[in-house]
Amino acid sequence: MSNSTSGAGESAGERLTLPPAYSGDDAMTHKIAFIGLGNMGGGMAANQAKAGHAVAAFDLSQAALDRAAAAGCAPVGSVAEAVKDADVIITMLPAGPHVLKVYSEQIIGAAPTSALLLDCSTIDVDTARKVAGLAKEAGYAFADAPVSGGTMAADAGTLAFMVGCDEPDFARIEAALEPMSRATFRAGDHGAGQAAKICNNMILGITMLGTCEAIGLAEKLGLDPVKMFDIVAKSSGQSWSTTTYYPWPGPVPTAPSNRNYEGGFATAMMLKDLKLAQDAAAKVGASTPLGAQTEALFQMFNGLGYGGRDFSAILQMLRGELDDLPKG
């Protein structure tokens, strides 16, 4: 399939330059193609529409398309239709094989070469670099730009983006991500965004597991887990897992622990990221014993049928209190 005439043949220096800010009375409207409208992508696409952009949204799920329409996006029937005249293309897909297939078969060659390609999925570093190579060979600017923050941040437009890209493209990328972001970092060249994401989430998995173990121990020692929060939140054991995402109900009202661990960051997704980290560690010969043990425990929890529950629900497995936790 040939490129669209819109922007075809332009050099990297001649590509569309996005404005530094996407909000306010003087903001320009851009055509955004958003592919993948799941728990994260749906909120992200909605924030692009909220910023005043024309968002062509595609997903295999009709329910996801309906939610996107209600949020101000324009549902379309195919990837090709979404990207045909897009200024920016954003993908949020389950895994590396999906990303490679969608870019190699449905985006590259179908989208105008002026389009900025941003993959926000969490995938392996090698696939991210392969897609970047295919995109660059075809004349596109591409970035791997995975996110941190979970579904609440996706809905609120307060995600943190870790970007792997060619340095001259970063200003355009940062502007394109602005409606969805509270912080955007250039981690390095292509693949560096994915490397940062899997290392960050390995830390998250380890600290959450440690937090849950400590809560379980505190409870057995007769310490109220709510009082423990008050102490740890202002002591050396403080972490994001404690102050922002405390796995015991009460102290952090927005945490999934107050919703019976519904929503948030699914155990299956945490397990996926931990596996990516362990696979990467094996390839480069890095020693990650805590990461390996954390992966094993989340694998156990997932295998018990709790892959759809927020990952902080592993507290209940460690406490031996799974009878009252719904599977899913």
# chains A, B, ... in the order shown; residues from 1 in each chain; ligands from 1
>>> select_by_dssp(residues="stretch 1-156 of chain A", states="strand (DSSP E or B)", output="list of chain:residue names")
A:Lys31, A:Ile32, A:Ala33, A:Phe34, A:Ile35, A:Ala54, A:Val55, A:Ala56, A:Ala57, A:Phe58, A:Ala74, A:Pro75, A:Val88, A:Ile89, A:Ile90, A:Thr91, A:Leu116, A:Leu117, A:Leu118, A:Asp119, A:Ala141, A:Phe142, A:Ala143, A:Asp144, A:Val147, A:Ser148
>>> residues_around(residues="A:Asn39", least_positions_apart="2", cutoff="10 Å", atoms="only C-alpha atoms", output="PyMOL selection string")
chain A and resi 36-37+41-44+64+92+150-152+154-155+263-266
>>> write_last_selection(atoms="N, CA and C atoms", output="mmCIF file, in the first residue's frame")
data_model
loop_
_atom_site.group_PDB
_atom_site.id
_atom_site.type_symbol
_atom_site.label_atom_id
_atom_site.label_comp_id
_atom_site.auth_asym_id
_atom_site.auth_seq_id
_atom_site.Cartn_x
_atom_site.Cartn_y
_atom_site.Cartn_z
ATOM 1 N N GLY A 36 -6.023 0.817 20.127
ATOM 2 C CA GLY A 36 -5.960 0.065 21.374
ATOM 3 C C GLY A 36 -6.611 0.834 22.497
ATOM 4 N N LEU A 37 -7.868 0.508 22.815
ATOM 5 C CA LEU A 37 -8.682 1.302 23.739
ATOM 6 C C LEU A 37 -9.055 0.509 24.986
ATOM 7 N N GLY A 41 -5.630 2.546 27.342
ATOM 8 C CA GLY A 41 -5.785 3.302 26.107
ATOM 9 C C GLY A 41 -7.063 4.116 26.039
ATOM 10 N N GLY A 42 -8.140 3.593 26.630
ATOM 11 C CA GLY A 42 -9.403 4.315 26.585
ATOM 12 C C GLY A 42 -9.311 5.680 27.244
ATOM 13 N N GLY A 43 -8.732 5.723 28.442
ATOM 14 C CA GLY A 43 -8.575 7.001 29.126
ATOM 15 C C GLY A 43 -7.597 7.923 28.422
ATOM 16 N N MET A 44 -6.543 7.353 27.862
ATOM 17 C CA MET A 44 -5.553 8.161 27.154
ATOM 18 C C MET A 44 -6.153 8.816 25.911
ATOM 19 N N ALA A 64 -15.391 -1.098 23.735
ATOM 20 C CA ALA A 64 -14.340 -0.093 23.866
ATOM 21 C C ALA A 64 -14.576 1.063 22.896
ATOM 22 N N MET A 92 -1.566 1.382 21.856
ATOM 23 C CA MET A 92 -1.525 0.834 23.214
ATOM 24 C C MET A 92 -2.013 -0.599 23.116
ATOM 25 N N GLY A 150 -0.863 3.658 35.948
ATOM 26 C CA GLY A 150 -2.082 2.873 36.071
ATOM 27 C C GLY A 150 -3.303 3.558 35.489
ATOM 28 N N THR A 151 -4.445 2.901 35.665
ATOM 29 C CA THR A 151 -5.666 3.368 35.012
ATOM 30 C C THR A 151 -6.147 4.706 35.547
ATOM 31 N N MET A 152 -5.951 4.969 36.841
ATOM 32 C CA MET A 152 -6.387 6.254 37.389
ATOM 33 C C MET A 152 -5.624 7.402 36.738
ATOM 34 N N ALA A 154 -4.182 7.238 33.772
ATOM 35 C CA ALA A 154 -4.585 7.276 32.365
ATOM 36 C C ALA A 154 -5.860 8.097 32.209
ATOM 37 N N ASP A 155 -6.803 7.895 33.121
ATOM 38 C CA ASP A 155 -8.059 8.644 33.063
ATOM 39 C C ASP A 155 -7.845 10.127 33.378
ATOM 40 N N GLY A 263 -10.043 -2.876 39.315
ATOM 41 C CA GLY A 263 -9.397 -1.788 38.598
ATOM 42 C C GLY A 263 -7.914 -1.729 38.920
ATOM 43 N N GLY A 264 -7.323 -0.570 38.724
ATOM 44 C CA GLY A 264 -5.901 -0.425 39.019
ATOM 45 C C GLY A 264 -5.018 -1.144 38.014
ATOM 46 N N PHE A 265 -3.962 -1.789 38.508
ATOM 47 C CA PHE A 265 -2.968 -2.456 37.670
ATOM 48 C C PHE A 265 -3.112 -3.959 37.898
ATOM 49 N N ALA A 266 -3.655 -4.639 36.915
ATOM 50 C CA ALA A 266 -3.984 -6.053 37.066
ATOM 51 C C ALA A 266 -2.746 -6.896 37.356
#
>>> select_by_dssp(residues="stretch 182-314 of chain A", states="alpha helix (DSSP H)", output="PDB file with C-alpha atoms, in the first residue's frame")
ATOM      1  CA  ALA A 192      15.432   2.787  26.176  1.00  0.00           C
ATOM      2  CA  GLY A 193      11.841   3.630  27.031  1.00  0.00           C
ATOM      3  CA  GLN A 194      11.000  -0.052  27.320  1.00  0.00           C
ATOM      4  CA  ALA A 195      14.151  -0.717  29.343  1.00  0.00           C
ATOM      5  CA  ALA A 196      13.187   2.042  31.791  1.00  0.00           C
ATOM      6  CA  LYS A 197       9.624   0.745  32.064  1.00  0.00           C
ATOM      7  CA  ILE A 198      10.489  -2.859  32.890  1.00  0.00           C
ATOM      8  CA  CYS A 199      13.159  -1.802  35.405  1.00  0.00           C
ATOM      9  CA  ASN A 200      10.745   0.647  37.038  1.00  0.00           C
ATOM     10  CA  ASN A 201       8.019  -1.980  37.295  1.00  0.00           C
ATOM     11  CA  MET A 202      10.421  -4.537  38.712  1.00  0.00           C
ATOM     12  CA  ILE A 203      11.084  -2.030  41.500  1.00  0.00           C
ATOM     13  CA  LEU A 204       7.336  -1.538  41.895  1.00  0.00           C
ATOM     14  CA  GLY A 205       6.658  -5.268  42.113  1.00  0.00           C
ATOM     15  CA  ILE A 206       9.428  -5.783  44.661  1.00  0.00           C
ATOM     16  CA  THR A 207       8.376  -2.851  46.855  1.00  0.00           C
ATOM     17  CA  MET A 208       4.710  -3.852  46.763  1.00  0.00           C
ATOM     18  CA  LEU A 209       5.607  -7.386  47.756  1.00  0.00           C
ATOM     19  CA  GLY A 210       7.763  -6.089  50.607  1.00  0.00           C
ATOM     20  CA  THR A 211       4.981  -3.755  51.725  1.00  0.00           C
ATOM     21  CA  CYS A 212       2.483  -6.616  51.748  1.00  0.00           C
ATOM     22  CA  GLU A 213       4.844  -8.897  53.677  1.00  0.00           C
ATOM     23  CA  ALA A 214       5.414  -6.188  56.270  1.00  0.00           C
ATOM     24  CA  ILE A 215       1.675  -5.545  56.666  1.00  0.00           C
ATOM     25  CA  GLY A 216       1.094  -9.253  57.198  1.00  0.00           C
ATOM     26  CA  LEU A 217       3.858  -9.418  59.786  1.00  0.00           C
ATOM     27  CA  ALA A 218       2.639  -6.270  61.545  1.00  0.00           C
ATOM     28  CA  GLU A 219      -0.855  -7.711  61.780  1.00  0.00           C
ATOM     29  CA  LYS A 220       0.438 -10.958  63.294  1.00  0.00           C
ATOM     30  CA  PRO A 225      -2.144  -1.956  59.600  1.00  0.00           C
ATOM     31  CA  VAL A 226      -3.706   1.530  59.494  1.00  0.00           C
ATOM     32  CA  LYS A 227      -1.415   2.682  62.327  1.00  0.00           C
ATOM     33  CA  MET A 228       1.462   1.070  60.447  1.00  0.00           C
ATOM     34  CA  PHE A 229       0.618   3.251  57.452  1.00  0.00           C
ATOM     35  CA  ASP A 230       0.782   6.378  59.604  1.00  0.00           C
ATOM     36  CA  ILE A 231       4.222   5.386  60.834  1.00  0.00           C
ATOM     37  CA  VAL A 232       5.787   4.030  57.625  1.00  0.00           C
ATOM     38  CA  TRP A 240       4.971   4.725  46.425  1.00  0.00           C
ATOM     39  CA  SER A 241       3.456   1.361  47.310  1.00  0.00           C
ATOM     40  CA  THR A 242       2.768   2.712  50.790  1.00  0.00           C
ATOM     41  CA  THR A 243       1.782   6.350  50.385  1.00  0.00           C
ATOM     42  CA  THR A 267      -1.862  -8.854  38.505  1.00  0.00           C
ATOM     43  CA  ALA A 268      -1.561 -10.384  35.022  1.00  0.00           C
ATOM     44  CA  MET A 269      -0.073  -7.129  33.701  1.00  0.00           C
ATOM     45  CA  MET A 270       2.408  -6.894  36.560  1.00  0.00           C
ATOM     46  CA  LEU A 271       3.403 -10.491  35.896  1.00  0.00           C
ATOM     47  CA  LYS A 272       3.900  -9.683  32.226  1.00  0.00           C
ATOM     48  CA  ASP A 273       6.259  -6.820  33.107  1.00  0.00           C
ATOM     49  CA  LEU A 274       8.181  -8.933  35.626  1.00  0.00           C
ATOM     50  CA  LYS A 275       8.640 -11.632  32.983  1.00  0.00           C
ATOM     51  CA  LEU A 276       9.911  -9.034  30.511  1.00  0.00           C
ATOM     52  CA  ALA A 277      12.423  -7.889  33.124  1.00  0.00           C
ATOM     53  CA  GLN A 278      13.591 -11.444  33.813  1.00  0.00           C
ATOM     54  CA  ASP A 279      13.887 -12.227  30.102  1.00  0.00           C
ATOM     55  CA  ALA A 280      15.944  -9.066  29.605  1.00  0.00           C
ATOM     56  CA  ALA A 281      18.124  -9.895  32.611  1.00  0.00           C
ATOM     57  CA  ALA A 282      18.830 -13.357  31.234  1.00  0.00           C
ATOM     58  CA  LYS A 283      19.849 -11.920  27.850  1.00  0.00           C
ATOM     59  CA  VAL A 284      22.358  -9.463  29.301  1.00  0.00           C
ATOM     60  CA  PRO A 289      17.320 -12.427  42.524  1.00  0.00           C
ATOM     61  CA  LEU A 290      14.626 -10.249  44.110  1.00  0.00           C
ATOM     62  CA  GLY A 291      13.030  -9.702  40.715  1.00  0.00           C
ATOM     63  CA  ALA A 292      13.028 -13.442  40.096  1.00  0.00           C
ATOM     64  CA  GLN A 293      11.427 -14.224  43.459  1.00  0.00           C
ATOM     65  CA  THR A 294       8.836 -11.494  42.941  1.00  0.00           C
ATOM     66  CA  GLU A 295       7.968 -12.908  39.530  1.00  0.00           C
ATOM     67  CA  ALA A 296       7.562 -16.383  41.052  1.00  0.00           C
ATOM     68  CA  LEU A 297       5.152 -15.149  43.731  1.00  0.00           C
ATOM     69  CA  PHE A 298       3.046 -13.130  41.297  1.00  0.00           C
ATOM     70  CA  GLN A 299       3.025 -16.180  39.007  1.00  0.00           C
ATOM     71  CA  MET A 300       1.610 -18.183  41.899  1.00  0.00           C
ATOM     72  CA  PHE A 301      -1.044 -15.547  42.641  1.00  0.00           C
ATOM     73  CA  ILE A 314      -1.297 -10.309  46.681  1.00  0.00           C
TER      74      ILE A 314
END
>>> atom_distance(atom1="atom CA of A:Lys50", atom2="atom CA of A:Ala95")
27.3 Å
>>> residues_around(residues="A:Leu315", least_positions_apart="3", cutoff="7 Å", atoms="only C-alpha atoms", output="ChimeraX atom specification")
/A:212,247,312,318-319
>>> write_last_selection(atoms="C-alpha atoms", output="tab-separated table (two decimals), in the first residue's frame")
chain	number	residue	atom	x	y	z
A	212	CYS	CA	2.48	-6.62	51.75
A	247	PRO	CA	-2.76	-2.41	49.90
A	312	SER	CA	-1.70	-5.22	45.50
A	318	LEU	CA	0.42	-13.65	51.92
A	319	ARG	CA	-2.09	-13.30	54.79
>>> closest_residue(among="A:Glu178, A:Asp124, A:Asp166, A:Glu137", to="A:Ala51", atoms="only C-alpha atoms")
A:Glu178
>>> residues_around(residues="A:Asp323", least_positions_apart="6", cutoff="12 Å", atoms="only C-alpha atoms", output="CSV table (one decimal) with C-alpha atoms, in the first residue's frame")
chain,number,residue,atom,x,y,z
A,304,LEU,CA,-4.6,-19.2,41.6
A,306,TYR,CA,-6.5,-13.6,40.5
A,316,GLN,CA,-4.4,-11.5,50.8
A,317,MET,CA,-2.4,-14.5,49.5
>>> atom_distance(atom1="atom CA of A:Thr113", atom2="atom CA of A:Gly72")
26.3 Å
>>> closest_residue(among="A:Thr254, A:Thr158, A:Thr91, A:Ser114", to="A:Gly38", atoms="only C-alpha atoms")
A:Thr91
>>> closest_residue(among="A:Thr127, A:Ala141, A:Met180, A:Gly77", to="A:Pro168", atoms="only C-alpha atoms")
A:Ala141
>>> atom_distance(atom1="atom CA of A:Ala255", atom2="atom CA of A:Leu223")
20.9 Å
>>> residues_around(residues="A:Ala183", least_positions_apart="2", cutoff="7 Å", atoms="only C-alpha atoms", output="ChimeraX atom specification")
/A:159-161,181,185
>>> write_last_selection(atoms="N, CA, C and O atoms", output="tab-separated table (two decimals), in the first residue's frame")
chain	number	residue	atom	x	y	z
A	159	LEU	N	-0.14	10.50	33.49
A	159	LEU	CA	0.82	9.41	33.33
A	159	LEU	C	2.25	9.94	33.26
A	159	LEU	O	2.49	11.09	32.89
A	160	ALA	N	3.19	9.07	33.59
A	160	ALA	CA	4.60	9.34	33.33
A	160	ALA	C	5.01	8.52	32.11
A	160	ALA	O	4.73	7.32	32.04
A	161	PHE	N	5.64	9.17	31.14
A	161	PHE	CA	6.07	8.51	29.91
A	161	PHE	C	7.58	8.38	29.90
A	161	PHE	O	8.30	9.34	30.20
A	181	SER	N	-0.10	13.42	30.01
A	181	SER	CA	1.13	13.29	30.79
A	181	SER	C	1.24	14.29	31.93
A	181	SER	O	0.83	15.45	31.81
A	185	PHE	N	9.88	11.74	30.02
A	185	PHE	CA	11.33	11.65	30.08
A	185	PHE	C	11.87	11.00	28.82
A	185	PHE	O	11.34	9.97	28.39
>>> residues_around(residues="A:Ala56", least_positions_apart="3", cutoff="6 Å", atoms="only C-alpha atoms", output="PDB file with N, CA and C atoms, in the first residue's frame")
ATOM      1  N   ALA A  33      -4.618   9.359  15.575  1.00  0.00           N
ATOM      2  CA  ALA A  33      -5.105   7.981  15.438  1.00  0.00           C
ATOM      3  C   ALA A  33      -4.718   7.249  16.709  1.00  0.00           C
ATOM      4  N   ALA A  74     -13.844   9.581  17.605  1.00  0.00           N
ATOM      5  CA  ALA A  74     -14.597   9.104  16.454  1.00  0.00           C
ATOM      6  C   ALA A  74     -14.206   7.664  16.166  1.00  0.00           C
ATOM      7  N   PRO A  75     -15.056   6.696  16.491  1.00  0.00           N
ATOM      8  CA  PRO A  75     -14.720   5.297  16.219  1.00  0.00           C
ATOM      9  C   PRO A  75     -14.610   5.040  14.717  1.00  0.00           C
ATOM     10  N   ALA A  82      -8.080   4.659  10.510  1.00  0.00           N
ATOM     11  CA  ALA A  82      -7.647   5.560  11.579  1.00  0.00           C
ATOM     12  C   ALA A  82      -6.406   6.349  11.199  1.00  0.00           C
TER      13      ALA A  82
END
>>> closest_residue(among="A:Lys31, A:Lys327, A:His190, A:His98", to="A:Ala176", atoms="only C-alpha atoms")
A:Lys31
>>> closest_residue(among="A:Asp87, A:Glu105, A:Asp144, A:Asp224", to="A:His53", atoms="only C-alpha atoms")
A:Asp87
>>> residues_around(residues="A:Leu116", least_positions_apart="3", cutoff="9 Å", atoms="only C-alpha atoms", output="ChimeraX atom specification")
/A:15-16,86-90,113,140-143,172-173,176
>>> write_last_selection(atoms="C-alpha atoms", output="PDB file, in the first residue's frame")
ATOM      1  CA  ARG A  15       7.754  16.958   9.094  1.00  0.00           C
ATOM      2  CA  LEU A  16       4.882  18.539  10.963  1.00  0.00           C
ATOM      3  CA  ALA A  86      -3.157  11.231  10.942  1.00  0.00           C
ATOM      4  CA  ASP A  87      -0.660  13.723  12.314  1.00  0.00           C
ATOM      5  CA  VAL A  88       0.091  11.474  15.297  1.00  0.00           C
ATOM      6  CA  ILE A  89      -0.474   7.733  15.704  1.00  0.00           C
ATOM      7  CA  ILE A  90      -0.582   6.301  19.220  1.00  0.00           C
ATOM      8  CA  THR A 113       5.266   9.630   6.392  1.00  0.00           C
ATOM      9  CA  TYR A 140       8.834   7.841   9.847  1.00  0.00           C
ATOM     10  CA  ALA A 141       9.719   9.292  13.242  1.00  0.00           C
ATOM     11  CA  PHE A 142       9.009   6.643  15.882  1.00  0.00           C
ATOM     12  CA  ALA A 143       9.267   6.355  19.657  1.00  0.00           C
ATOM     13  CA  ARG A 172       7.560  16.784  19.024  1.00  0.00           C
ATOM     14  CA  ILE A 173       6.980  13.636  21.035  1.00  0.00           C
ATOM     15  CA  ALA A 176       2.088  15.008  21.392  1.00  0.00           C
TER      16      ALA A 176
END
>>> decode(residues="stretch 164-185 of chain A", atoms="N, CA, C and O atoms", output="mmCIF file, in the first residue's frame")
data_model
loop_
_atom_site.group_PDB
_atom_site.id
_atom_site.type_symbol
_atom_site.label_atom_id
_atom_site.label_comp_id
_atom_site.auth_asym_id
_atom_site.auth_seq_id
_atom_site.Cartn_x
_atom_site.Cartn_y
_atom_site.Cartn_z
ATOM 1 N N GLY A 164 11.927 6.270 24.343
ATOM 2 C CA GLY A 164 13.125 5.921 23.594
ATOM 3 C C GLY A 164 12.970 6.449 22.181
ATOM 4 O O GLY A 164 12.023 6.075 21.476
ATOM 5 N N CYS A 165 13.864 7.339 21.747
ATOM 6 C CA CYS A 165 13.685 7.984 20.437
ATOM 7 C C CYS A 165 14.982 8.634 19.991
ATOM 8 O O CYS A 165 15.941 8.762 20.768
ATOM 9 N N ASP A 166 15.004 9.067 18.735
ATOM 10 C CA ASP A 166 16.083 9.926 18.267
ATOM 11 C C ASP A 166 15.948 11.277 18.965
ATOM 12 O O ASP A 166 14.840 11.844 19.031
ATOM 13 N N GLU A 167 17.032 11.805 19.455
ATOM 14 C CA GLU A 167 16.961 13.029 20.268
ATOM 15 C C GLU A 167 16.283 14.201 19.559
ATOM 16 O O GLU A 167 15.494 14.923 20.189
ATOM 17 N N PRO A 168 16.516 14.434 18.255
ATOM 18 C CA PRO A 168 15.862 15.578 17.608
ATOM 19 C C PRO A 168 14.338 15.485 17.570
ATOM 20 O O PRO A 168 13.668 16.506 17.392
ATOM 21 N N ASP A 169 13.794 14.274 17.730
ATOM 22 C CA ASP A 169 12.343 14.104 17.681
ATOM 23 C C ASP A 169 11.661 14.332 19.023
ATOM 24 O O ASP A 169 10.427 14.381 19.087
ATOM 25 N N PHE A 170 12.429 14.481 20.099
ATOM 26 C CA PHE A 170 11.818 14.442 21.426
ATOM 27 C C PHE A 170 10.861 15.604 21.679
ATOM 28 O O PHE A 170 9.810 15.422 22.319
ATOM 29 N N ALA A 171 11.165 16.790 21.196
ATOM 30 C CA ALA A 171 10.274 17.934 21.451
ATOM 31 C C ALA A 171 8.892 17.681 20.859
ATOM 32 O O ALA A 171 7.867 17.982 21.484
ATOM 33 N N ARG A 172 8.849 17.108 19.659
ATOM 34 C CA ARG A 172 7.560 16.784 19.024
ATOM 35 C C ARG A 172 6.827 15.711 19.819
ATOM 36 O O ARG A 172 5.609 15.766 20.001
ATOM 37 N N ILE A 173 7.570 14.734 20.274
ATOM 38 C CA ILE A 173 6.980 13.636 21.035
ATOM 39 C C ILE A 173 6.402 14.147 22.342
ATOM 40 O O ILE A 173 5.270 13.808 22.724
ATOM 41 N N GLU A 174 7.161 14.977 23.042
ATOM 42 C CA GLU A 174 6.699 15.521 24.323
ATOM 43 C C GLU A 174 5.414 16.322 24.135
ATOM 44 O O GLU A 174 4.470 16.225 24.944
ATOM 45 N N ALA A 175 5.341 17.112 23.062
ATOM 46 C CA ALA A 175 4.137 17.895 22.793
ATOM 47 C C ALA A 175 2.943 16.988 22.499
ATOM 48 O O ALA A 175 1.835 17.238 22.961
ATOM 49 N N ALA A 176 3.182 15.918 21.744
ATOM 50 C CA ALA A 176 2.088 15.008 21.392
ATOM 51 C C ALA A 176 1.554 14.260 22.609
ATOM 52 O O ALA A 176 0.361 13.945 22.688
ATOM 53 N N LEU A 177 2.420 13.980 23.581
ATOM 54 C CA LEU A 177 2.018 13.234 24.771
ATOM 55 C C LEU A 177 1.422 14.130 25.857
ATOM 56 O O LEU A 177 0.810 13.628 26.804
ATOM 57 N N GLU A 178 1.568 15.432 25.731
ATOM 58 C CA GLU A 178 1.216 16.362 26.799
ATOM 59 C C GLU A 178 -0.198 16.213 27.346
ATOM 60 O O GLU A 178 -0.400 16.275 28.569
ATOM 61 N N PRO A 179 -1.239 15.973 26.511
ATOM 62 C CA PRO A 179 -2.588 15.846 27.080
ATOM 63 C C PRO A 179 -2.765 14.641 28.002
ATOM 64 O O PRO A 179 -3.746 14.577 28.737
ATOM 65 N N MET A 180 -1.842 13.704 27.949
ATOM 66 C CA MET A 180 -1.964 12.481 28.735
ATOM 67 C C MET A 180 -0.944 12.405 29.864
ATOM 68 O O MET A 180 -0.917 11.437 30.625
ATOM 69 N N SER A 181 -0.099 13.420 30.008
ATOM 70 C CA SER A 181 1.128 13.286 30.793
ATOM 71 C C SER A 181 1.242 14.292 31.932
ATOM 72 O O SER A 181 0.826 15.446 31.806
ATOM 73 N N ARG A 182 1.843 13.834 33.042
ATOM 74 C CA ARG A 182 2.324 14.757 34.079
ATOM 75 C C ARG A 182 3.839 14.899 34.001
ATOM 76 O O ARG A 182 4.416 15.862 34.520
ATOM 77 N N ALA A 183 4.502 13.926 33.352
ATOM 78 C CA ALA A 183 5.953 13.964 33.208
ATOM 79 C C ALA A 183 6.348 13.084 32.030
ATOM 80 O O ALA A 183 5.845 11.967 31.893
ATOM 81 N N THR A 184 7.233 13.601 31.185
ATOM 82 C CA THR A 184 7.724 12.843 30.039
ATOM 83 C C THR A 184 9.243 12.905 30.033
ATOM 84 O O THR A 184 9.821 13.997 30.068
ATOM 85 N N PHE A 185 9.876 11.742 30.015
ATOM 86 C CA PHE A 185 11.328 11.655 30.084
ATOM 87 C C PHE A 185 11.872 10.995 28.819
ATOM 88 O O PHE A 185 11.340 9.971 28.392
#
